[in-house]
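start.txt (compact mmCIF, C-alpha atoms and all ligand atoms) appears below.
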```txt
# COMPACT_ATOMS: atom_id res chain seq x y z
CA MET A 1 0.00 0.00 0.00
CA ASN A 2 1.27 3.46 -0.82
CA TYR A 3 1.46 5.28 2.50
CA ARG A 4 3.55 8.07 3.93
CA PHE A 5 4.17 8.56 7.65
CA SER A 6 4.12 12.14 8.87
CA GLY A 7 6.28 13.45 11.78
CA TYR A 8 3.11 13.45 13.85
CA ASP A 9 2.75 9.68 13.26
CA TYR A 10 6.25 9.05 14.60
CA VAL A 11 5.38 10.88 17.84
CA ILE A 12 2.23 8.76 18.31
CA PHE A 13 4.22 5.67 17.49
CA GLY A 14 6.76 6.69 20.17
CA PHE A 15 3.89 7.01 22.66
CA SER A 16 2.85 3.45 21.90
CA TYR A 17 6.30 2.31 23.08
CA VAL A 18 6.02 4.39 26.25
CA PHE A 19 2.62 2.89 27.06
CA PHE A 20 3.90 -0.60 26.35
CA PHE A 21 6.84 0.00 28.68
CA LEU A 22 4.42 1.21 31.39
CA PHE A 23 2.26 -1.87 30.88
CA VAL A 24 5.19 -4.27 31.33
CA SER A 25 6.61 -2.35 34.32
CA ASP A 26 3.23 -2.08 36.03
CA ALA A 27 2.48 -5.75 35.43
CA TYR A 28 5.78 -6.75 37.07
CA GLY A 29 5.44 -4.12 39.83
CA THR A 30 8.66 -2.35 38.79
CA LEU A 31 7.09 0.98 37.90
CA PRO A 32 9.70 3.69 38.70
CA PHE A 33 7.02 6.09 40.04
CA THR A 34 3.64 5.92 41.74
CA LEU A 35 0.57 6.45 39.67
CA PRO A 36 -1.79 9.25 40.75
CA ALA A 37 -4.73 6.78 40.69
CA GLU A 38 -5.03 3.01 41.02
CA LEU A 39 -4.95 2.09 37.31
CA PRO A 40 -4.91 -1.55 36.18
CA ALA A 41 -1.86 -2.47 34.00
CA TRP A 42 -4.00 -3.45 30.99
CA ILE A 43 -5.02 0.18 30.50
CA PHE A 44 -1.47 0.87 29.24
CA LEU A 45 -1.62 -2.05 26.87
CA VAL A 46 -4.89 -0.76 25.43
CA LEU A 47 -3.36 2.69 24.98
CA ALA A 48 -0.29 1.19 23.26
CA VAL A 49 -2.52 -0.77 20.87
CA LEU A 50 -4.66 2.31 20.13
CA CYS A 51 -1.55 4.34 19.31
CA ASN A 52 -0.41 1.62 16.93
CA LEU A 53 -3.81 1.42 15.29
CA TRP A 54 -3.75 5.16 14.81
CA VAL A 55 -0.43 5.02 13.02
CA LEU A 56 -1.05 1.91 10.91
CA PRO A 57 -2.73 2.51 7.54
CA ILE A 58 -6.16 1.00 8.14
CA PRO A 59 -8.88 1.96 5.65
CA GLY A 60 -11.60 4.05 7.22
CA ILE A 61 -9.53 4.97 10.28
CA HIS A 62 -7.38 7.54 8.51
CA PRO A 63 -9.59 9.67 6.33
CA ARG A 64 -7.29 12.63 7.08
CA ARG A 65 -4.41 10.96 5.18
CA PRO A 66 -4.88 10.20 1.51
CA PRO A 67 -2.63 7.53 -0.01
CA ALA A 68 0.48 8.65 -1.81
CA PRO A 69 -0.07 9.36 -5.49
CA GLU A 70 0.31 6.43 -7.92
CA ILE A 71 3.65 6.79 -9.65
CA SER A 72 4.49 3.22 -10.54
CA GLY A 73 2.58 3.16 -13.82
CA VAL A 74 0.63 0.08 -12.73
CA PRO A 75 -2.96 0.50 -13.91
CA GLY A 76 -5.30 1.47 -11.11
CA PRO A 77 -8.99 0.60 -10.79
CA ALA A 78 -11.30 1.09 -13.78
CA LYS A 79 -11.65 4.76 -14.57
CA GLU A 80 -14.95 6.44 -15.33
CA LEU A 81 -13.84 7.98 -18.60
CA PRO A 82 -15.09 8.81 -22.04
CA GLU A 83 -13.21 7.13 -24.87
CA GLY A 84 -11.11 5.03 -22.46
CA GLU A 85 -8.71 7.92 -21.74
CA ALA A 86 -7.10 8.42 -18.36
CA ALA A 87 -8.89 10.85 -16.03
CA LEU A 88 -5.70 12.17 -14.48
CA PRO A 89 -4.44 15.56 -15.61
CA ALA A 90 -1.61 15.19 -18.13
CA GLU A 91 1.19 15.95 -15.69
CA LYS A 92 0.02 13.24 -13.27
CA LYS A 93 -0.59 10.55 -15.89
CA PRO A 94 1.57 7.45 -15.41
CA LEU A 95 3.72 6.79 -18.45
CA ALA A 96 1.60 4.89 -20.96
CA LYS A 97 2.88 1.40 -21.68
CA THR A 98 3.39 0.27 -25.24
CA PRO A 99 1.29 -2.71 -26.42
CA ARG A 100 4.48 -4.77 -26.35
CA GLU A 101 5.19 -3.85 -22.74
CA LYS A 102 1.61 -4.66 -21.82
CA LEU A 103 1.88 -8.01 -23.54
CA GLU A 104 5.17 -8.83 -21.83
CA GLN A 105 3.77 -7.76 -18.48
CA GLY A 106 0.57 -9.71 -19.15
CA LEU A 107 2.51 -12.88 -19.87
CA VAL A 108 4.83 -12.73 -16.86
CA LYS A 109 2.85 -15.33 -14.92
CA THR A 110 2.55 -17.69 -17.87
CA HIS A 111 6.27 -17.28 -18.50
CA LYS A 112 6.85 -18.48 -14.94
CA GLY A 113 4.25 -21.24 -15.17
CA PHE A 114 5.44 -22.57 -18.50
CA VAL A 115 8.81 -21.38 -19.81
CA GLU A 116 10.59 -21.28 -16.44
CA ARG A 117 9.40 -24.79 -15.67
CA LEU A 118 10.90 -26.01 -18.92
CA SER A 119 14.09 -24.02 -18.38
CA SER A 120 14.58 -25.60 -14.97
CA VAL A 121 14.49 -29.04 -16.60
CA PHE A 122 17.13 -28.01 -19.12
CA LYS A 123 19.35 -26.55 -16.42
CA ARG A 124 19.74 -29.96 -14.77
CA SER A 125 21.98 -31.25 -17.53
CA SER A 126 23.38 -30.13 -20.85
CA ARG A 127 22.88 -33.63 -22.30
CA VAL A 128 19.74 -33.95 -24.37
CA ASP A 129 19.13 -37.66 -23.63
CA GLU A 130 19.45 -37.13 -19.88
CA VAL A 131 16.64 -34.59 -19.63
CA LEU A 132 14.14 -36.29 -21.95
CA PRO A 133 12.21 -38.24 -19.26
CA GLU A 134 11.85 -35.15 -17.09
CA LEU A 135 10.91 -33.01 -20.08
CA GLU A 136 8.07 -35.40 -20.90
CA GLU A 137 6.74 -35.23 -17.36
CA THR A 138 7.03 -31.44 -17.19
CA LEU A 139 5.36 -30.83 -20.54
CA VAL A 140 2.43 -33.06 -19.60
CA GLY A 141 2.12 -31.16 -16.31
CA THR A 142 1.75 -27.77 -17.98
CA ASP A 143 -1.51 -26.26 -19.22
CA ILE A 144 -1.08 -26.93 -22.91
CA GLY A 145 -3.02 -30.20 -22.73
CA VAL A 146 -1.73 -33.76 -22.99
CA LYS A 147 -2.17 -33.98 -26.75
CA THR A 148 -0.08 -30.90 -27.44
CA ALA A 149 2.43 -31.83 -24.76
CA TYR A 150 3.11 -35.12 -26.57
CA ALA A 151 3.19 -33.41 -29.96
CA LEU A 152 5.96 -31.13 -28.66
CA PHE A 153 7.75 -33.91 -26.81
CA ASP A 154 7.72 -36.26 -29.79
CA TYR A 155 9.13 -33.51 -31.98
CA VAL A 156 12.00 -32.82 -29.57
CA LYS A 157 12.68 -36.54 -29.11
CA LYS A 158 12.74 -37.11 -32.85
CA HIS A 159 15.20 -34.28 -33.39
CA ALA A 160 17.22 -34.95 -30.23
CA GLY A 161 20.19 -36.14 -32.32
CA ASP A 162 20.38 -32.81 -34.16
CA LEU A 163 20.18 -30.67 -31.04
CA SER A 164 23.55 -29.55 -29.71
CA GLY A 165 22.44 -29.17 -26.09
CA THR A 166 19.51 -28.48 -23.83
CA GLU A 167 19.48 -24.81 -24.72
CA ALA A 168 18.82 -25.79 -28.31
CA MET A 169 15.92 -27.94 -27.04
CA LEU A 170 14.20 -24.94 -25.54
CA LYS A 171 14.71 -23.04 -28.78
CA ALA A 172 13.20 -25.97 -30.72
CA ILE A 173 10.15 -25.95 -28.44
CA LYS A 174 9.80 -22.19 -28.88
CA GLN A 175 9.94 -22.61 -32.65
CA GLN A 176 7.34 -25.40 -32.57
CA ILE A 177 5.00 -23.32 -30.44
CA PHE A 178 5.39 -20.45 -32.87
CA SER A 179 4.48 -22.75 -35.78
CA ILE A 180 1.36 -23.92 -33.96
CA LEU A 181 0.25 -20.40 -33.04
CA GLU A 182 1.07 -18.85 -36.39
CA GLN A 183 -1.59 -20.97 -38.07
CA ARG A 184 -4.22 -19.33 -35.85
CA GLN A 185 -3.19 -15.76 -36.46
CA GLU A 186 -6.03 -14.30 -38.47
CA PRO A 187 -7.31 -10.93 -37.30
CA LEU A 188 -11.02 -10.22 -37.40
CA ASP A 189 -11.76 -8.71 -40.79
CA ILE A 190 -14.83 -6.52 -40.76
CA SER A 191 -15.48 -6.03 -44.43
CA ASP A 192 -17.71 -3.28 -45.71
CA GLU A 193 -19.66 -5.74 -47.85
CA LYS A 194 -21.19 -7.28 -44.76
CA LYS A 195 -23.15 -4.46 -43.27
CA PRO A 196 -24.06 -4.64 -40.51
CA PHE A 197 -21.28 -7.03 -39.59
CA VAL A 198 -22.77 -9.15 -36.82
CA ILE A 199 -20.61 -10.48 -33.98
CA MET A 200 -22.23 -12.88 -31.55
CA VAL A 201 -20.16 -13.21 -28.40
CA THR A 202 -20.39 -16.46 -26.45
CA GLY A 203 -18.71 -18.11 -23.51
CA VAL A 204 -19.45 -19.39 -20.02
CA ASN A 205 -20.36 -16.94 -17.30
CA GLY A 206 -17.55 -14.80 -16.00
CA SER A 207 -15.23 -15.54 -18.92
CA GLY A 208 -15.06 -11.85 -19.84
CA LYS A 209 -17.69 -11.55 -22.60
CA THR A 210 -19.12 -8.19 -21.61
CA THR A 211 -15.77 -6.52 -21.02
CA THR A 212 -14.42 -7.97 -24.26
CA ILE A 213 -17.45 -6.55 -26.12
CA ALA A 214 -16.69 -3.13 -24.66
CA LYS A 215 -13.04 -3.41 -25.68
CA ILE A 216 -13.93 -4.51 -29.23
CA ALA A 217 -16.47 -1.70 -29.55
CA TYR A 218 -13.83 0.75 -28.32
CA ARG A 219 -11.36 -0.48 -30.98
CA LEU A 220 -13.95 -0.31 -33.73
CA LYS A 221 -15.07 3.17 -32.72
CA ASN A 222 -11.43 4.28 -32.88
CA GLU A 223 -11.28 2.87 -36.40
CA GLY A 224 -14.21 5.08 -37.30
CA LYS A 225 -16.90 2.38 -37.38
CA SER A 226 -20.36 2.90 -35.95
CA VAL A 227 -21.25 0.23 -33.45
CA ILE A 228 -24.42 -0.97 -31.78
CA ILE A 229 -24.45 -3.40 -28.87
CA ALA A 230 -27.37 -5.64 -27.92
CA SER A 231 -27.77 -7.08 -24.44
CA GLY A 232 -28.63 -10.67 -25.21
CA ASP A 233 -27.62 -11.72 -21.70
CA THR A 234 -30.98 -11.29 -20.04
CA PHE A 235 -30.14 -13.56 -17.13
CA ARG A 236 -29.82 -10.72 -14.63
CA ALA A 237 -30.67 -7.02 -14.66
CA ALA A 238 -27.14 -6.14 -13.51
CA ALA A 239 -25.69 -7.71 -16.66
CA ILE A 240 -27.84 -5.46 -18.84
CA GLU A 241 -26.85 -2.38 -16.81
CA GLN A 242 -23.17 -3.35 -16.97
CA LEU A 243 -23.34 -3.55 -20.75
CA GLU A 244 -25.26 -0.30 -21.01
CA HIS A 245 -22.61 1.39 -18.91
CA TRP A 246 -19.88 0.15 -21.25
CA ALA A 247 -21.83 1.14 -24.35
CA THR A 248 -22.21 4.68 -23.01
CA ARG A 249 -18.55 4.79 -22.04
CA VAL A 250 -17.32 3.84 -25.50
CA ASN A 251 -20.03 5.91 -27.17
CA ALA A 252 -21.76 3.00 -28.92
CA ASP A 253 -25.47 2.68 -29.62
CA PHE A 254 -27.30 0.24 -27.36
CA ILE A 255 -30.32 -2.03 -27.52
CA LYS A 256 -31.60 -2.62 -24.05
CA ALA A 257 -33.53 -5.68 -23.01
CA HIS A 258 -35.46 -6.28 -19.84
CA GLN A 259 -34.43 -9.01 -17.45
CA GLY A 260 -35.87 -12.37 -18.45
CA ALA A 261 -36.50 -11.36 -22.07
CA ASP A 262 -36.02 -13.96 -24.80
CA PRO A 263 -32.32 -13.59 -25.83
CA SER A 264 -33.01 -14.40 -29.48
CA ALA A 265 -35.73 -11.72 -29.61
CA VAL A 266 -33.21 -9.19 -28.25
CA ALA A 267 -30.69 -10.25 -30.91
CA PHE A 268 -33.41 -9.82 -33.56
CA ASP A 269 -34.26 -6.33 -32.26
CA GLY A 270 -30.56 -5.49 -32.25
CA LEU A 271 -30.19 -6.55 -35.86
CA GLN A 272 -33.29 -4.66 -36.89
CA ALA A 273 -31.96 -1.51 -35.19
CA ALA A 274 -28.50 -1.99 -36.71
CA ILE A 275 -30.03 -2.15 -40.19
CA SER A 276 -32.45 0.75 -39.77
CA ARG A 277 -29.87 2.99 -38.02
CA ASN A 278 -27.25 2.10 -40.63
CA HIS A 279 -24.59 0.84 -38.19
CA ASP A 280 -21.43 -0.88 -39.42
CA VAL A 281 -21.22 -3.44 -36.65
CA LEU A 282 -23.64 -5.14 -34.29
CA ILE A 283 -22.18 -6.92 -31.26
CA ILE A 284 -24.49 -9.23 -29.33
CA ASP A 285 -23.78 -10.22 -25.74
CA THR A 286 -25.11 -13.63 -24.71
CA ALA A 287 -25.65 -15.36 -21.41
CA GLY A 288 -23.23 -17.81 -19.87
CA ARG A 289 -26.14 -19.36 -18.04
CA LEU A 290 -29.90 -19.13 -18.31
CA HIS A 291 -32.82 -18.44 -16.06
CA THR A 292 -34.93 -21.04 -17.79
CA LYS A 293 -34.33 -24.79 -17.74
CA GLU A 294 -33.52 -24.61 -21.41
CA ASN A 295 -30.11 -25.73 -22.50
CA LEU A 296 -27.67 -22.87 -23.01
CA MET A 297 -26.42 -24.27 -26.30
CA GLU A 298 -29.96 -24.69 -27.64
CA GLU A 299 -30.70 -21.08 -26.77
CA LEU A 300 -27.55 -19.90 -28.53
CA LYS A 301 -28.35 -22.01 -31.59
CA LYS A 302 -31.78 -20.42 -31.70
CA THR A 303 -30.25 -16.92 -31.56
CA LYS A 304 -27.93 -17.87 -34.41
CA ARG A 305 -30.87 -19.15 -36.49
CA VAL A 306 -32.94 -16.05 -35.85
CA LEU A 307 -30.09 -13.79 -36.97
CA ASP A 308 -29.47 -15.81 -40.12
CA LYS A 309 -33.13 -15.68 -41.00
CA LYS A 310 -33.26 -11.93 -40.71
CA LEU A 311 -29.90 -11.34 -42.44
CA PRO A 312 -28.61 -14.37 -44.36
CA GLY A 313 -25.00 -15.09 -43.38
CA ALA A 314 -25.34 -13.47 -39.95
CA PRO A 315 -23.79 -13.81 -37.45
CA HIS A 316 -20.60 -13.26 -39.42
CA GLU A 317 -18.48 -13.98 -36.39
CA ILE A 318 -19.25 -16.27 -33.47
CA LEU A 319 -16.63 -15.26 -30.99
CA LEU A 320 -15.89 -17.58 -28.08
CA VAL A 321 -14.49 -15.82 -25.03
CA LEU A 322 -12.28 -18.04 -22.90
CA ASP A 323 -10.84 -17.25 -19.49
CA ALA A 324 -7.13 -18.13 -19.40
CA THR A 325 -7.19 -18.63 -15.65
CA ILE A 326 -9.13 -21.89 -16.01
CA GLY A 327 -6.24 -23.50 -17.89
CA GLN A 328 -6.97 -26.79 -19.63
CA ASN A 329 -10.73 -26.55 -19.02
CA ALA A 330 -10.73 -23.94 -21.79
CA ILE A 331 -9.93 -26.73 -24.26
CA GLU A 332 -13.07 -28.64 -23.29
CA GLN A 333 -15.15 -25.45 -23.39
CA THR A 334 -13.92 -24.76 -26.91
CA ARG A 335 -14.91 -28.27 -27.97
CA GLN A 336 -18.43 -27.93 -26.59
CA PHE A 337 -19.14 -24.48 -27.98
CA ASN A 338 -17.58 -25.36 -31.31
CA ASN A 339 -19.61 -28.56 -31.67
CA ALA A 340 -22.84 -26.71 -30.94
CA LEU A 341 -22.29 -23.42 -32.77
CA GLY A 342 -19.32 -23.61 -35.09
CA ILE A 343 -17.05 -21.04 -33.47
CA THR A 344 -15.35 -18.72 -35.97
CA GLY A 345 -13.00 -16.86 -33.63
CA ILE A 346 -11.59 -17.01 -30.12
CA ALA A 347 -10.69 -14.33 -27.58
CA ILE A 348 -8.61 -15.42 -24.60
CA THR A 349 -8.98 -13.08 -21.65
CA LYS A 350 -7.26 -12.54 -18.32
CA LEU A 351 -3.84 -13.67 -19.50
CA ASP A 352 -2.45 -11.05 -17.13
CA GLY A 353 -4.03 -12.80 -14.16
CA SER A 354 -3.05 -16.33 -15.08
CA SER A 355 -0.04 -18.59 -15.02
CA LYS A 356 -2.06 -21.00 -17.17
CA GLY A 357 -1.92 -19.00 -20.40
CA GLY A 358 -0.06 -21.91 -22.03
CA VAL A 359 -3.51 -23.29 -22.75
CA ILE A 360 -3.57 -21.03 -25.81
CA VAL A 361 -1.03 -23.37 -27.41
CA GLY A 362 -3.28 -26.36 -26.73
CA ILE A 363 -6.31 -24.60 -28.20
CA ALA A 364 -4.36 -23.52 -31.27
CA ASN A 365 -3.09 -27.06 -31.77
CA GLU A 366 -6.40 -28.85 -31.27
CA PHE A 367 -8.79 -26.56 -33.13
CA SER A 368 -8.43 -24.83 -36.43
CA ILE A 369 -10.20 -21.74 -35.14
CA PRO A 370 -8.50 -18.34 -35.48
CA ILE A 371 -7.46 -16.65 -32.26
CA ARG A 372 -8.63 -13.10 -32.79
CA PHE A 373 -7.85 -11.37 -29.54
CA ILE A 374 -6.01 -11.72 -26.27
CA GLY A 375 -6.93 -9.85 -23.11
CA VAL A 376 -3.98 -8.64 -21.05
CA GLY A 377 -5.69 -6.34 -18.57
CA GLU A 378 -8.87 -4.57 -17.59
CA ASP A 379 -8.34 -1.28 -19.42
CA MET A 380 -10.09 -0.54 -22.70
CA ASP A 381 -6.92 -0.88 -24.74
CA ASP A 382 -5.86 -4.11 -23.06
CA LEU A 383 -7.43 -6.26 -25.77
CA GLN A 384 -4.81 -6.97 -28.40
CA SER A 385 -5.08 -8.54 -31.82
CA PHE A 386 -3.39 -11.90 -31.58
CA GLN A 387 0.02 -12.00 -33.24
CA ALA A 388 1.95 -15.24 -32.94
CA GLU A 389 5.42 -13.75 -33.19
CA SER A 390 5.04 -11.03 -30.58
CA PHE A 391 3.17 -13.48 -28.35
CA VAL A 392 5.93 -16.10 -28.48
CA ASN A 393 8.67 -13.49 -28.03
CA ALA A 394 6.91 -12.10 -24.97
CA LEU A 395 6.30 -15.59 -23.60
CA PHE A 396 9.88 -16.72 -24.09
CA ILE A 397 11.35 -13.38 -23.08
CA ASP A 398 15.10 -13.73 -22.38
CA ASN A 399 15.15 -17.21 -23.93
N1 LIG B 401 -7.33 -8.90 -15.44
C1 LIG B 401 -8.24 -9.04 -16.42
N2 LIG B 401 -9.54 -9.09 -16.08
C2 LIG B 401 -10.44 -9.23 -17.06
C3 LIG B 401 -10.06 -9.37 -18.42
N3 LIG B 401 -11.20 -9.53 -19.15
C4 LIG B 401 -12.23 -9.50 -18.27
N4 LIG B 401 -11.78 -9.32 -17.01
C5 LIG B 401 -12.56 -9.25 -15.77
O1 LIG B 401 -13.31 -10.45 -15.62
C6 LIG B 401 -14.51 -10.19 -14.90
C7 LIG B 401 -15.69 -10.82 -15.61
O2 LIG B 401 -15.85 -10.14 -16.85
P1 LIG B 401 -17.26 -9.98 -17.58
O3 LIG B 401 -16.98 -9.25 -18.84
O4 LIG B 401 -18.29 -9.42 -16.67
O5 LIG B 401 -17.57 -11.50 -17.87
P2 LIG B 401 -18.89 -12.12 -18.53
O6 LIG B 401 -18.45 -13.29 -19.32
O7 LIG B 401 -19.65 -11.07 -19.24
O8 LIG B 401 -19.66 -12.60 -17.23
P3 LIG B 401 -21.26 -12.93 -17.08
O9 LIG B 401 -21.99 -11.74 -17.62
O10 LIG B 401 -21.43 -13.12 -15.62
O11 LIG B 401 -21.50 -14.18 -17.85
C8 LIG B 401 -14.60 -8.68 -14.77
O12 LIG B 401 -14.21 -8.31 -13.47
C9 LIG B 401 -13.61 -8.16 -15.79
O13 LIG B 401 -13.06 -6.91 -15.43
C10 LIG B 401 -8.66 -9.33 -18.75
O14 LIG B 401 -8.21 -9.47 -19.89
N5 LIG B 401 -7.80 -9.17 -17.70
MG MG B 402 -21.59 -10.43 -19.09
```

Translate the structure described by the file into structure tokens.
Ligand SMILES: Nc1nc2c(ncn2[C@@H]2O[C@H](COP(=O)(O)OP(=O)(O)OP(=O)(O)O)[C@@H](O)[C@H]2O)c(=O)[nH]1
Ligand SMILES: [Mg+2]
Amino acid sequence: MNYRFSGYDYVIFGFSYVFFFLFVSDAYGTLPFTLPAELPAWIFLVLAVLCNLWVLPIPGIHPRRPPAPEISGVPGPAKELPEGEAALPAEKKPLAKTPREKLEQGLVKTHKGFVERLSSVFKRSSRVDEVLPELEETLVGTDIGVKTAYALFDYVKKHAGDLSGTEAMLKAIKQQIFSILEQRQEPLDISDEKKPFVIMVTGVNGSGKTTTIAKIAYRLKNEGKSVIIASGDTFRAAAIEQLEHWATRVNADFIKAHQGADPSAVAFDGLQAAISRNHDVLIIDTAGRLHTKENLMEELKKTKRVLDKKLPGAPHEILLVLDATIGQNAIEQTRQFNNALGITGIAITKLDGSSKGGVIVGIANEFSIPIRFIGVGEDMDDLQSFQAESFVNALFIDN
């Protein structure tokens, strides 16, 4: 916590020592003077504790002392801002990070959870054959999924004879991961021929759908596109309000639904509004769970059908939002959503909060679905277009 002690605090802190000394002396009967009244020893202890409490930075107890200003450049809590800009006056703004720095910072935990684990295996010995059994075990224990772990392991084993040492093994793995990821690098192309371009955003609850929608809308608005957002997650009123808040913040049009409304009817209304108001892009939020007993996938399929009926070819993108913190479970989620809906793009969020971001390699290896975006933070510009090369370089930083 950022906190500065004033001179006044040091005096109070000194008093706490005095009271503690009095408590100990009184308790042992060695007080060097007589007290004016018969006070029990514990009174001094209470006073010492109170002095300490006064000095310690406890929220709510020190309204008179604001925290020291943020100077580290670490993003603070979400700011209430138009166009995603920082609310601080220019001279107080922390230095803006470049997308590359954000990516590197966002992948620090995954670097530790994946690359450092592999590096530690290679540090044991410089002989390729000696580390193979441990490499197998370590790869399988990471978050890339067993299938991909064995694909990488088999590759290294097969080429073991050509590799000069364990350092070359890590480089070979890095290269293989790049090859896997490169195939999935295909940014979302919003062509003018498909107008309105309809993006249906899916994923389990809490995966980051609504925030990702806001971030995409923010990007598109910056590119000069007009955007409308429809709140197809009618599970709870708060979800609708959350989306409305984001739509206002990024200056996008919004189709509001009431809680409990039929999600496919909301999507239909959104599409109708997008057409009549001549918007370039419609983004539809969907629920991660439902209030009815109906199956989530069936409901999503229905929404997809309704959109296609109104505008043949829509939705043009069915974006699956996956939370990187759940690790390998994201692979199973992709399978289920893809089987039901035919996912056309993936966004992986919360990489900054996860050491399990290696799962992206497993997803890229097991499904031929483009990875459109990666989320590396909670700010509006923390959604990046997925680029295999910069991703792998940030992941294997220093290697
Ligand atoms: N650190 C970090 N947090 C994120 C990222 N993306 C989303 N979040 C946070 O994840 C939480 C859930 O995000 P939502 O967008 O509400 O998720 P959702 O899928 O819409 O959730 P439901 O509406 O409950 O289904 C929020 O606190 C977001 O701020 C990210 O890339 N990094
Ligand atoms: Mg939501």

Residue nearest ligand LIG 401 (chain B) - candidates A:Phe13, A:Phe373, A:Phe178, A:Phe391, atoms counted: all atoms listed in the file
A:Phe373

With 10 Å as the cut-off and only C-alpha atoms and all ligand atoms counted, what is the closest atom pair between each nearby residue of chain A and ligand MG 402 (chain B)? Distances in Å to one decimal, ordered by chain and number, as a tab-separated table.
```
residue	atom	partner	partner_atom	distance
A:Val201	CA	B:MG402	MG	9.8
A:Thr202	CA	B:MG402	MG	9.6
A:Gly203	CA	B:MG402	MG	9.3
A:Val204	CA	B:MG402	MG	9.3
A:Asn205	CA	B:MG402	MG	6.9
A:Gly206	CA	B:MG402	MG	6.7
A:Ser207	CA	B:MG402	MG	8.2
A:Gly208	CA	B:MG402	MG	6.7
A:Lys209	CA	B:MG402	MG	5.4
A:Thr210	CA	B:MG402	MG	4.2
A:Thr211	CA	B:MG402	MG	7.3
A:Thr212	CA	B:MG402	MG	9.2
A:Ile213	CA	B:MG402	MG	9.0
A:Ser231	CA	B:MG402	MG	8.8
A:Gly232	CA	B:MG402	MG	9.3
A:Asp233	CA	B:MG402	MG	6.7
A:Thr234	CA	B:MG402	MG	9.5
A:Phe235	CA	B:MG402	MG	9.3
A:Arg236	CA	B:MG402	MG	9.4
A:Ala238	CA	B:MG402	MG	9.0
A:Ala239	CA	B:MG402	MG	5.5
A:Ile240	CA	B:MG402	MG	8.0
A:Glu241	CA	B:MG402	MG	9.9
A:Gln242	CA	B:MG402	MG	7.6
A:Leu243	CA	B:MG402	MG	7.3
A:Asp285	CA	B:MG402	MG	7.0
A:Thr286	CA	B:MG402	MG	7.4
A:Ala287	CA	B:MG402	MG	6.8
A:Gly288	CA	B:MG402	MG	7.6
```

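Minimum distance to ligand LIG 401 (chain B) across A:Asp398, A:Asp26, A:Asp162, A:Asp382 (counting all atoms listed in the file) occurs at A:Asp382.
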
Could you tell me which of A:Leu53, A:Leu118, A:Leu319, A:Ala172 comes closest to ligand LIG 401 (chain B) if we count all atoms listed in the file?
A:Leu319

Counting all atoms listed in the file, what is within 12 Å of Gly141 of chain A, bar same-chain residues fewer than 3 positions away, as a ChimeraX atom specification?
/A:113-114,117-118,134-138,144-150,327-328,356,358-359

Nearest-residue call for ligand LIG 401 (chain B), choices A:Phe19, A:Trp42, A:Phe153, A:Trp246, using all atoms listed in the file
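Comparing A:Phe19, A:Trp42, A:Phe153, A:Trp246 against ligand LIG 401 (chain B), the winner is A:Trp246.
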
Determine the nearest neighbour of Thr344 of chain A from the options A:Pro315, A:Ala48, A:Ala324, A:Asp379, counting all atoms listed in the file.
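Closest candidate: A:Pro315.
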
I'd like to know which of A:Asp308, A:Asp352, A:Glu389, A:Glu186 is closest to ligand LIG 401 (chain B), using all atoms listed in the file.
A:Asp352

For atom CA of Asp192 of chain A and atom CA of His279 of chain A, quote the distance in Å rounded to one decimal.
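So the two atoms, atom CA of Asp192 of chain A and atom CA of His279 of chain A, lie 11.0 Å apart.
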
Please provide as a list in words all residues within 8 Å of Ile199 of chain A, with the sequence filter that same-chain residues fewer than 5 positions apart are discarded (counting all atoms listed in the file).
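With the cut-off at 8 Å, the set is Val281, Leu282, Ile283, Ile284, Pro315, His316, Glu317, Ile318 and Leu319 of chain A.
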
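Relative to atom CA of Gln185 of chain A, atom CA of Gln387 of chain A is found at 5.9 Å.
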
Enclose all atoms of ligand LIG 401 (chain B) listed in the file in an axis-aligned box, grow every side by 5 Å, and hand back centre and edge lengths in Å to one decimal, as JSON.
```
{"center_x": -14.7, "center_y": -10.5, "center_z": -16.7, "size_x": 24.7, "size_y": 17.3, "size_z": 16.4}
```

So the first atom is atom N5 of ligand LIG 401 (chain B) and the second is atom CA of Val140 of chain A; what is the distance between them in Å, to one decimal place?
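If I compute the distance from atom N5 of ligand LIG 401 (chain B) to atom CA of Val140 of chain A, I get 26.1 Å.
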
Ala364 of chain A: which residues within 7 Å, counting all atoms listed in the file, same-chain residues fewer than 4 positions away excluded, as a ChimeraX atom specification?
/A:180-181,184,360,368

Quick one: residues within 7 Å of Phe44 of chain A, all atoms listed in the file, excluding same-chain residues fewer than 6 positions away - as a PyMOL selection string?
chain A and resi 19-20+22-23

Can you write just those residues out, C-alpha atoms, as a PDB file, in the frame of the given file?
```pdb
ATOM      1  CA  PHE A  19       2.620   2.890  27.060  1.00  0.00           C
ATOM      2  CA  PHE A  20       3.900  -0.600  26.350  1.00  0.00           C
ATOM      3  CA  LEU A  22       4.420   1.210  31.390  1.00  0.00           C
ATOM      4  CA  PHE A  23       2.260  -1.870  30.880  1.00  0.00           C
TER       5      PHE A  23
END
```

In the coordinates of the file, take the point (13.3, -32.9, -26.8) and a cut-off of 12 Å; then, counting only C-alpha atoms, name each qualifying protein, DNA or RNA residue as a PyMOL selection string.
chain A and resi 118+121-122+127-139+149-174+176
